[in-house]
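S.K.: Below you'll find coords.cif; it's mmCIF, C-alpha atoms.
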data_target
loop_
_atom_site.group_PDB
_atom_site.id
_atom_site.type_symbol
_atom_site.label_atom_id
_atom_site.label_comp_id
_atom_site.auth_asym_id
_atom_site.auth_seq_id
_atom_site.Cartn_x
_atom_site.Cartn_y
_atom_site.Cartn_z
ATOM 1 C CA MET A 1 12.072 -64.859 9.854
ATOM 2 C CA PRO A 2 11.885 -62.127 12.517
ATOM 3 C CA LYS A 3 8.934 -59.772 12.689
ATOM 4 C CA ALA A 4 9.370 -56.076 11.926
ATOM 5 C CA LYS A 5 9.477 -53.855 14.952
ATOM 6 C CA LYS A 6 6.337 -51.871 15.836
ATOM 7 C CA SER A 7 4.246 -53.881 13.376
ATOM 8 C CA GLY A 8 2.058 -55.487 16.021
ATOM 9 C CA ARG A 9 1.661 -52.425 18.213
ATOM 10 C CA LYS A 10 -1.870 -51.113 18.697
ATOM 11 C CA LYS A 11 -2.526 -47.645 17.255
ATOM 12 C CA LYS A 12 -3.210 -45.011 19.898
ATOM 13 C CA TYR A 13 -5.362 -41.951 19.386
ATOM 14 C CA ASN A 14 -3.355 -38.750 19.532
ATOM 15 C CA TYR A 15 -5.300 -36.281 21.646
ATOM 16 C CA GLU A 16 -2.764 -33.524 21.008
ATOM 17 C CA GLN A 17 -3.553 -33.368 17.274
ATOM 18 C CA ASP A 18 -6.322 -31.115 15.996
ATOM 19 C CA ARG A 19 -8.339 -33.204 13.539
ATOM 20 C CA LYS A 20 -10.378 -30.243 12.298
ATOM 21 C CA LYS A 21 -7.206 -28.383 11.374
ATOM 22 C CA LEU A 22 -5.796 -31.468 9.632
ATOM 23 C CA LYS A 23 -8.948 -31.867 7.537
ATOM 24 C CA LYS A 24 -8.891 -28.180 6.575
ATOM 25 C CA LYS A 25 -5.243 -28.488 5.572
ATOM 26 C CA LEU A 26 -6.014 -31.551 3.453
ATOM 27 C CA LEU A 27 -8.960 -29.880 1.714
ATOM 28 C CA LYS A 28 -6.875 -26.768 1.070
ATOM 29 C CA LYS A 29 -4.231 -28.920 -0.595
ATOM 30 C CA TYR A 30 -6.680 -30.691 -2.889
ATOM 31 C CA ASN A 31 -8.862 -27.649 -3.637
ATOM 32 C CA PRO A 32 -6.427 -24.727 -3.879
ATOM 33 C CA ARG A 33 -7.622 -21.119 -4.023
ATOM 34 C CA ILE A 34 -7.617 -19.992 -7.650
ATOM 35 C CA GLU A 35 -6.846 -16.280 -7.863
ATOM 36 C CA ASN A 36 -8.033 -15.656 -11.421
ATOM 37 C CA PRO A 37 -11.832 -15.116 -11.403
ATOM 38 C CA GLN A 38 -12.400 -16.419 -14.954
ATOM 39 C CA ILE A 39 -10.639 -19.714 -14.244
ATOM 40 C CA ARG A 40 -12.208 -19.997 -10.770
ATOM 41 C CA ASN A 41 -15.755 -19.674 -12.193
ATOM 42 C CA ALA A 42 -15.144 -22.295 -14.882
ATOM 43 C CA TRP A 43 -13.345 -24.751 -12.574
ATOM 44 C CA ASP A 44 -14.923 -28.175 -11.992
ATOM 45 C CA ASN A 45 -13.806 -29.810 -8.725
ATOM 46 C CA ARG A 46 -14.721 -33.276 -9.994
ATOM 47 C CA LYS A 47 -12.126 -33.082 -12.775
ATOM 48 C CA SER A 48 -8.354 -33.165 -12.527
ATOM 49 C CA MET A 49 -6.260 -30.055 -12.997
ATOM 50 C CA ALA A 50 -4.996 -31.204 -16.378
ATOM 51 C CA ARG A 51 -8.541 -31.938 -17.605
ATOM 52 C CA ASN A 52 -9.893 -28.595 -16.336
ATOM 53 C CA LEU A 53 -7.149 -26.643 -18.071
ATOM 54 C CA GLN A 54 -7.569 -28.665 -21.255
ATOM 55 C CA ASP A 55 -11.309 -27.891 -21.292
ATOM 56 C CA MET A 56 -10.510 -24.188 -21.012
ATOM 57 C CA GLY A 57 -7.935 -24.343 -23.821
ATOM 58 C CA LEU A 58 -4.979 -23.745 -21.502
ATOM 59 C CA ALA A 59 -1.804 -25.799 -21.260
ATOM 60 C CA PHE A 60 -1.122 -27.963 -18.216
ATOM 61 C CA ASP A 61 2.304 -29.010 -19.463
ATOM 62 C CA PRO A 62 3.915 -26.507 -21.844
ATOM 63 C CA ASN A 63 6.389 -29.134 -23.035
ATOM 64 C CA ARG A 64 3.545 -31.207 -24.444
ATOM 65 C CA SER A 65 1.476 -28.322 -25.782
ATOM 66 C CA LEU A 66 4.063 -27.000 -28.251
ATOM 67 C CA PRO A 67 4.982 -29.179 -31.200
ATOM 68 C CA LEU A 68 8.730 -29.696 -31.164
ATOM 69 C CA LYS A 69 10.943 -31.549 -33.569
ATOM 70 C CA LYS A 70 12.479 -34.528 -31.880
ATOM 71 C CA ALA A 71 15.578 -36.098 -33.324
ATOM 72 C CA SER A 72 15.984 -39.824 -33.017
ATOM 73 C CA PHE A 73 19.048 -41.862 -33.876
ATOM 74 C CA PHE A 74 17.404 -44.195 -36.386
ATOM 75 C CA SER A 75 14.670 -42.363 -38.269
ATOM 76 C CA GLY A 76 16.258 -38.936 -38.677
ATOM 77 C CA GLU A 77 13.941 -36.085 -37.649
ATOM 78 C CA ARG A 78 10.267 -36.427 -36.994
ATOM 79 C CA GLU A 79 7.772 -33.900 -35.721
ATOM 80 C CA ALA A 80 5.916 -34.556 -32.490
ATOM 81 C CA LYS A 81 2.153 -34.550 -32.848
ATOM 82 C CA PRO A 82 0.380 -31.752 -30.970
ATOM 83 C CA SER A 83 -2.456 -32.936 -28.769
ATOM 84 C CA GLY A 84 -5.625 -32.110 -30.704
ATOM 85 C CA SER A 85 -7.914 -31.345 -27.776
ATOM 86 C CA ILE A 86 -11.360 -29.842 -28.095
ATOM 87 C CA VAL A 87 -11.926 -26.655 -26.126
ATOM 88 C CA ILE A 88 -15.205 -26.986 -24.244
ATOM 89 C CA LYS A 89 -15.031 -23.615 -22.467
ATOM 90 C CA PRO A 90 -13.661 -21.111 -25.011
ATOM 91 C CA TYR A 91 -15.176 -18.142 -23.149
ATOM 92 C CA VAL A 92 -12.458 -18.464 -20.484
ATOM 93 C CA LEU A 93 -9.747 -18.090 -23.108
ATOM 94 C CA ASN A 94 -11.550 -15.103 -24.666
ATOM 95 C CA GLN A 95 -11.927 -13.399 -21.281
ATOM 96 C CA LEU A 96 -8.252 -13.943 -20.477
ATOM 97 C CA GLU A 97 -7.183 -12.518 -23.854
ATOM 98 C CA GLN A 98 -9.488 -9.525 -23.373
ATOM 99 C CA GLU A 99 -8.063 -8.868 -19.899
ATOM 100 C CA ALA A 100 -4.498 -9.170 -21.205
ATOM 101 C CA SER A 101 -5.187 -6.698 -24.035
ATOM 102 C CA LEU A 102 -6.215 -3.931 -21.611
ATOM 103 C CA PRO A 103 -3.504 -1.321 -21.057
ATOM 104 C CA GLU A 104 -1.743 -1.605 -17.736
ATOM 105 C CA LYS A 105 -2.557 1.189 -15.318
ATOM 106 C CA ASP A 106 0.515 2.992 -14.024
ATOM 107 C CA SER A 107 0.294 2.428 -10.302
ATOM 108 C CA LYS A 108 3.549 4.147 -9.389
ATOM 109 C CA THR A 109 3.027 6.974 -6.967
ATOM 110 C CA LEU A 110 5.171 9.079 -4.696
ATOM 111 C CA SER A 111 4.938 9.599 -0.964
ATOM 112 C CA SER A 112 3.242 12.743 0.263
ATOM 113 C CA ASP A 113 6.481 13.790 2.000
ATOM 114 C CA LEU A 114 8.422 13.634 -1.266
ATOM 115 C CA ILE A 115 5.732 15.586 -3.119
ATOM 116 C CA GLU A 116 5.765 18.244 -0.398
ATOM 117 C CA TYR A 117 9.585 18.377 -0.507
ATOM 118 C CA VAL A 118 9.696 18.797 -4.291
ATOM 119 C CA GLN A 119 6.954 21.445 -4.233
ATOM 120 C CA HIS A 120 8.823 23.390 -1.551
ATOM 121 C CA MET A 121 12.042 23.276 -3.565
ATOM 122 C CA ILE A 122 10.324 24.449 -6.764
ATOM 123 C CA ARG A 123 8.411 27.151 -4.886
ATOM 124 C CA GLU A 124 11.570 28.534 -3.284
ATOM 125 C CA HIS A 125 14.162 28.102 -6.034
ATOM 126 C CA GLY A 126 12.386 27.557 -9.363
ATOM 127 C CA ASP A 127 14.731 25.436 -11.476
ATOM 128 C CA ASN A 128 17.997 26.339 -9.721
ATOM 129 C CA TYR A 129 19.053 22.870 -8.525
ATOM 130 C CA LYS A 130 22.308 24.082 -6.940
ATOM 131 C CA ALA A 131 20.361 26.419 -4.682
ATOM 132 C CA MET A 132 17.975 23.552 -3.875
ATOM 133 C CA ALA A 133 20.934 21.432 -2.771
ATOM 134 C CA ARG A 134 22.011 24.192 -0.338
ATOM 135 C CA ASP A 135 18.469 24.686 1.025
ATOM 136 C CA GLU A 136 17.969 24.066 4.761
ATOM 137 C CA LYS A 137 15.003 21.764 4.045
ATOM 138 C CA ASN A 138 17.347 19.418 2.169
ATOM 139 C CA TYR A 139 17.658 17.148 5.225
ATOM 140 C CA TYR A 140 19.091 14.179 3.364
ATOM 141 C CA GLN A 141 21.719 16.332 1.666
ATOM 142 C CA ASP A 142 20.617 15.432 -1.843
ATOM 143 C CA THR A 143 22.922 16.546 -4.631
ATOM 144 C CA PRO A 144 21.572 18.773 -7.428
ATOM 145 C CA LYS A 145 21.349 15.737 -9.697
ATOM 146 C CA GLN A 146 19.358 13.754 -7.113
ATOM 147 C CA ILE A 147 16.940 16.647 -6.651
ATOM 148 C CA ARG A 148 16.572 16.970 -10.428
ATOM 149 C CA ARG A 149 15.753 13.242 -10.579
ATOM 150 C CA LYS A 150 13.116 13.639 -7.828
ATOM 151 C CA VAL A 151 11.513 16.582 -9.634
ATOM 152 C CA GLY A 152 11.457 14.542 -12.851
ATOM 153 C CA GLU A 153 9.871 11.606 -11.033
ATOM 154 C CA TYR A 154 7.192 13.895 -9.585
ATOM 155 C CA ARG A 155 6.575 15.329 -13.045
ATOM 156 C CA ARG A 156 6.280 11.830 -14.565
ATOM 157 C CA CYS A 157 4.088 10.243 -11.864
ATOM 158 C CA HIS A 158 1.703 13.152 -11.301
ATOM 159 C CA PRO A 159 1.700 15.204 -14.537
ATOM 160 C CA GLU A 160 -1.617 17.063 -13.989
ATOM 161 C CA GLN A 161 -0.763 17.929 -10.409
ATOM 162 C CA PHE A 162 2.705 19.115 -11.471
ATOM 163 C CA ASN A 163 1.339 21.279 -14.289
ATOM 164 C CA THR A 164 -1.291 22.936 -12.083
ATOM 165 C CA PHE A 165 1.339 23.556 -9.396
ATOM 166 C CA VAL A 166 3.772 25.187 -11.842
ATOM 167 C CA GLU A 167 0.957 27.281 -13.371
ATOM 168 C CA SER A 168 -0.145 28.429 -9.912
ATOM 169 C CA LEU A 169 3.399 29.640 -9.250
ATOM 170 C CA GLY A 170 3.428 31.540 -12.528
ATOM 171 C CA LEU A 171 7.041 30.746 -13.435
ATOM 172 C CA SER A 172 8.314 32.853 -16.336
ATOM 173 C CA ARG A 173 9.805 29.879 -18.220
ATOM 174 C CA PRO A 174 8.905 26.193 -18.084
ATOM 175 C CA MET A 175 11.059 23.937 -15.957
ATOM 176 C CA ASP A 176 13.588 21.924 -17.935
ATOM 177 C CA LEU A 177 14.992 18.618 -16.797
#
Could the structure of this file be written out as structure tokens, please?
M.R.:
Amino acid sequence: MPKAKKSGRKKKYNYEQDRKKLKKKLLKKYNPRIENPQIRNAWDNRKSMARNLQDMGLAFDPNRSLPLKKASFFSGEREAKPSGSIVIKPYVLNQLEQEASLPEKDSKTLSSDLIEYVQHMIREHGDNYKAMARDEKNYYQDTPKQIRRKVGEYRRCHPEQFNTFVESLGLSRPMDL
């Protein structure tokens, strides 16, 4: 029987390959960066991912964690048994629930150019959107409806700033959208 090609060839050291970089890449693969601080602090590198998550009360495989009814051909319907695991680190689950229950901070903001544009339009024309559309500062040729939308967005994203600005102008009637 013939021998396989290249089976008897001596291995040569590859000087072009960076061994330090290869080791770093390998370690990064086996010990990934965990973004969540609660999970990162409770993580045990000696355990597998499934075991770590099970200890924290989290699901590694959602298909196994939820009890589903499985139909078989012979015995009708039977219910799959949920895995009755003991949660060793319940504080992780509590911290995650507490973090999830916090209200989400509205991070939407407008550019300073847009705020300046809207303030100029309100300062010059009040709530006359047709006049705003004909203004010479309307470089992008926004329609009255587009300008109205931008004013509404400014009002929604920065309500205190909008209210103080309108009060400082001393408009006779409040702006309607």
S.K.: Taking into account all atoms listed in the file, which residue in the set A:Gly126, A:Phe73, A:Asp135, A:Ile39 is nearest to A:Leu96?
M.R.: A:Ile39
S.K.: Considering only C-alpha atoms, state which residue in the set A:Lys137, A:Lys25, A:Arg64, A:Arg40 is at the smallest distance from A:His125.
M.R.: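 Closest to A:His125, using only C-alpha atoms: A:Lys137.
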S.K.: Pull out every residue that the PyMOL selection byres ((chain A and resi 91) around 12) matches in the shown coordinates and put them as a list of chain:residue names.
M.R.: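 Applied to this file, the PyMOL selection byres ((chain A and resi 91) around 12) returns A:Gln38, A:Ile39, A:Asn41, A:Ala42, A:Asp55, A:Met56, A:Gly57, A:Leu58, A:Val87, A:Ile88, A:Lys89, A:Pro90, A:Val92, A:Leu93, A:Asn94, A:Gln95, A:Leu96, A:Glu97, A:Gln98.
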S.K.: Just so the selection is clear, what residues does the PyMOL selection byres ((chain A and resi 152-157) around 7) cover here, as a PyMOL selection string?
M.R.: chain A and resi 108-109+115+148-151+158-159+162+177
S.K.: Within 12 Å of A:Glu124, counting all atoms listed in the file, which residues show up once you throw out same-chain ones fewer than 5 positions away? Write them as a list in words, please.
M.R.: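 What passes the distance filter is Tyr117, Val118, Gln119, Tyr129, Ala131, Met132, Ala133, Arg134, Asp135, Glu136, Lys137, Leu169 and Leu171 of chain A.
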S.K.: Emit the selected residues as a compact mmCIF listing (two decimals), in the frame of the given file, including C-alpha atoms.
M.R.:
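Okay, this is what ended up in out-v1.txt:
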# COMPACT_ATOMS: atom_id res chain seq x y z
CA TYR A 117 9.59 18.38 -0.51
CA VAL A 118 9.70 18.80 -4.29
CA GLN A 119 6.95 21.44 -4.23
CA TYR A 129 19.05 22.87 -8.52
CA ALA A 131 20.36 26.42 -4.68
CA MET A 132 17.98 23.55 -3.88
CA ALA A 133 20.93 21.43 -2.77
CA ARG A 134 22.01 24.19 -0.34
CA ASP A 135 18.47 24.69 1.02
CA GLU A 136 17.97 24.07 4.76
CA LYS A 137 15.00 21.76 4.04
CA LEU A 169 3.40 29.64 -9.25
CA LEU A 171 7.04 30.75 -13.44
S.K.: Counting only C-alpha atoms, which of A:Tyr13, A:Asn36, A:Glu167, A:Leu114 gets nearest to A:Tyr140?
M.R.: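 Ranking A:Tyr13, A:Asn36, A:Glu167, A:Leu114 by distance to A:Tyr140, first place goes to A:Leu114.
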S.K.: Can you work out the spacing between atom CA of A:Lys23 and atom CA of A:Asn52 in Å, to one decimal?
M.R.: 24.1 Å
S.K.: Please compute the atom CA of A:Ala50-atom CA of A:Ser85 distance, one decimal, in Å.
M.R.: 11.8 Å
S.K.: Could you check how far atom CA of A:Gln146 sits from atom CA of A:Gly170, in Å to one decimal?
M.R.: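 Interatomic distance here is 24.5 Å.
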S.K.: So, counting all atoms listed in the file, which residue among A:Gln54, A:Asn128, A:Asn138, A:Asn45 is closest to A:Pro32?
M.R.: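 Of all the options, A:Asn45 lies closest to A:Pro32.
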S.K.: Working from the structure I just supplied, which lacks atoms in stretch 158-169 of chain A, can you model all heavy atoms there and output them as an mmCIF file, in the frame of the given file?
M.R.:
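What follows is the written file part-v5.cif:
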data_model
loop_
_atom_site.group_PDB
_atom_site.id
_atom_site.type_symbol
_atom_site.label_atom_id
_atom_site.label_comp_id
_atom_site.auth_asym_id
_atom_site.auth_seq_id
_atom_site.Cartn_x
_atom_site.Cartn_y
_atom_site.Cartn_z
ATOM 1 N N HIS A 158 2.891 12.323 -11.517
ATOM 2 C CA HIS A 158 1.703 13.152 -11.301
ATOM 3 C C HIS A 158 1.731 14.339 -12.259
ATOM 4 O O HIS A 158 1.920 15.490 -11.832
ATOM 5 C CB HIS A 158 1.666 13.664 -9.852
ATOM 6 C CG HIS A 158 1.705 12.575 -8.835
ATOM 7 N ND1 HIS A 158 0.609 11.806 -8.512
ATOM 8 C CD2 HIS A 158 2.709 12.109 -8.064
ATOM 9 C CE1 HIS A 158 0.941 10.939 -7.581
ATOM 10 N NE2 HIS A 158 2.220 11.089 -7.301
ATOM 11 N N PRO A 159 1.535 14.111 -13.572
ATOM 12 C CA PRO A 159 1.700 15.204 -14.537
ATOM 13 C C PRO A 159 0.681 16.338 -14.368
ATOM 14 O O PRO A 159 1.054 17.512 -14.447
ATOM 15 C CB PRO A 159 1.556 14.522 -15.893
ATOM 16 C CG PRO A 159 0.905 13.228 -15.627
ATOM 17 C CD PRO A 159 1.230 12.853 -14.228
ATOM 18 N N GLU A 160 -0.617 15.991 -14.109
ATOM 19 C CA GLU A 160 -1.617 17.063 -13.989
ATOM 20 C C GLU A 160 -1.345 17.907 -12.753
ATOM 21 O O GLU A 160 -1.427 19.128 -12.785
ATOM 22 C CB GLU A 160 -3.039 16.543 -13.844
ATOM 23 C CG GLU A 160 -3.541 15.310 -14.447
ATOM 24 C CD GLU A 160 -3.001 13.976 -14.058
ATOM 25 O OE1 GLU A 160 -2.962 13.621 -12.856
ATOM 26 O OE2 GLU A 160 -2.658 13.246 -14.965
ATOM 27 N N GLN A 161 -1.038 17.222 -11.654
ATOM 28 C CA GLN A 161 -0.763 17.929 -10.409
ATOM 29 C C GLN A 161 0.470 18.830 -10.560
ATOM 30 O O GLN A 161 0.475 19.965 -10.089
ATOM 31 C CB GLN A 161 -0.546 16.916 -9.283
ATOM 32 C CG GLN A 161 -0.434 17.508 -7.915
ATOM 33 C CD GLN A 161 -0.240 16.450 -6.849
ATOM 34 O OE1 GLN A 161 -0.293 15.267 -7.106
ATOM 35 N NE2 GLN A 161 0.003 16.902 -5.625
ATOM 36 N N PHE A 162 1.483 18.331 -11.250
ATOM 37 C CA PHE A 162 2.705 19.115 -11.471
ATOM 38 C C PHE A 162 2.406 20.350 -12.312
ATOM 39 O O PHE A 162 2.851 21.460 -11.986
ATOM 40 C CB PHE A 162 3.767 18.245 -12.147
ATOM 41 C CG PHE A 162 5.031 18.982 -12.458
ATOM 42 C CD1 PHE A 162 5.987 19.204 -11.482
ATOM 43 C CD2 PHE A 162 5.284 19.469 -13.736
ATOM 44 C CE1 PHE A 162 7.155 19.885 -11.757
ATOM 45 C CE2 PHE A 162 6.440 20.147 -14.027
ATOM 46 C CZ PHE A 162 7.378 20.357 -13.033
ATOM 47 N N ASN A 163 1.646 20.148 -13.401
ATOM 48 C CA ASN A 163 1.339 21.279 -14.289
ATOM 49 C C ASN A 163 0.523 22.349 -13.576
ATOM 50 O O ASN A 163 0.785 23.544 -13.720
ATOM 51 C CB ASN A 163 0.612 20.796 -15.546
ATOM 52 C CG ASN A 163 1.533 19.990 -16.434
ATOM 53 O OD1 ASN A 163 2.744 20.168 -16.425
ATOM 54 N ND2 ASN A 163 0.952 19.072 -17.195
ATOM 55 N N THR A 164 -0.479 21.944 -12.808
ATOM 56 C CA THR A 164 -1.291 22.936 -12.083
ATOM 57 C C THR A 164 -0.447 23.660 -11.040
ATOM 58 O O THR A 164 -0.626 24.856 -10.825
ATOM 59 C CB THR A 164 -2.507 22.284 -11.409
ATOM 60 O OG1 THR A 164 -2.063 21.217 -10.565
ATOM 61 C CG2 THR A 164 -3.504 21.768 -12.417
ATOM 62 N N PHE A 165 0.471 22.933 -10.394
ATOM 63 C CA PHE A 165 1.339 23.556 -9.396
ATOM 64 C C PHE A 165 2.252 24.594 -10.030
ATOM 65 O O PHE A 165 2.398 25.713 -9.527
ATOM 66 C CB PHE A 165 2.165 22.479 -8.681
ATOM 67 C CG PHE A 165 3.183 23.027 -7.729
ATOM 68 C CD1 PHE A 165 2.801 23.640 -6.557
ATOM 69 C CD2 PHE A 165 4.542 22.952 -8.023
ATOM 70 C CE1 PHE A 165 3.742 24.157 -5.678
ATOM 71 C CE2 PHE A 165 5.491 23.474 -7.157
ATOM 72 C CZ PHE A 165 5.081 24.071 -5.979
ATOM 73 N N VAL A 166 2.861 24.255 -11.152
ATOM 74 C CA VAL A 166 3.772 25.187 -11.842
ATOM 75 C C VAL A 166 2.998 26.396 -12.360
ATOM 76 O O VAL A 166 3.474 27.533 -12.275
ATOM 77 C CB VAL A 166 4.538 24.468 -12.981
ATOM 78 C CG1 VAL A 166 5.300 25.450 -13.837
ATOM 79 C CG2 VAL A 166 5.481 23.435 -12.401
ATOM 80 N N GLU A 167 1.772 26.167 -12.885
ATOM 81 C CA GLU A 167 0.957 27.281 -13.371
ATOM 82 C C GLU A 167 0.546 28.206 -12.230
ATOM 83 O O GLU A 167 0.477 29.419 -12.385
ATOM 84 C CB GLU A 167 -0.289 26.751 -14.088
ATOM 85 C CG GLU A 167 0.007 26.168 -15.454
ATOM 86 C CD GLU A 167 -1.201 25.464 -16.054
ATOM 87 O OE1 GLU A 167 -2.306 25.556 -15.467
ATOM 88 O OE2 GLU A 167 -1.030 24.812 -17.096
ATOM 89 N N SER A 168 0.264 27.617 -11.060
ATOM 90 C CA SER A 168 -0.145 28.429 -9.912
ATOM 91 C C SER A 168 1.008 29.316 -9.424
ATOM 92 O O SER A 168 0.784 30.387 -8.876
ATOM 93 C CB SER A 168 -0.652 27.551 -8.776
ATOM 94 O OG SER A 168 0.419 26.812 -8.211
ATOM 95 N N LEU A 169 2.245 28.832 -9.630
ATOM 96 C CA LEU A 169 3.399 29.640 -9.250
ATOM 97 C C LEU A 169 3.642 30.766 -10.243
ATOM 98 O O LEU A 169 4.195 31.808 -9.885
ATOM 99 C CB LEU A 169 4.665 28.772 -9.166
ATOM 100 C CG LEU A 169 4.718 27.770 -8.019
ATOM 101 C CD1 LEU A 169 5.974 26.936 -8.121
ATOM 102 C CD2 LEU A 169 4.667 28.477 -6.684
#
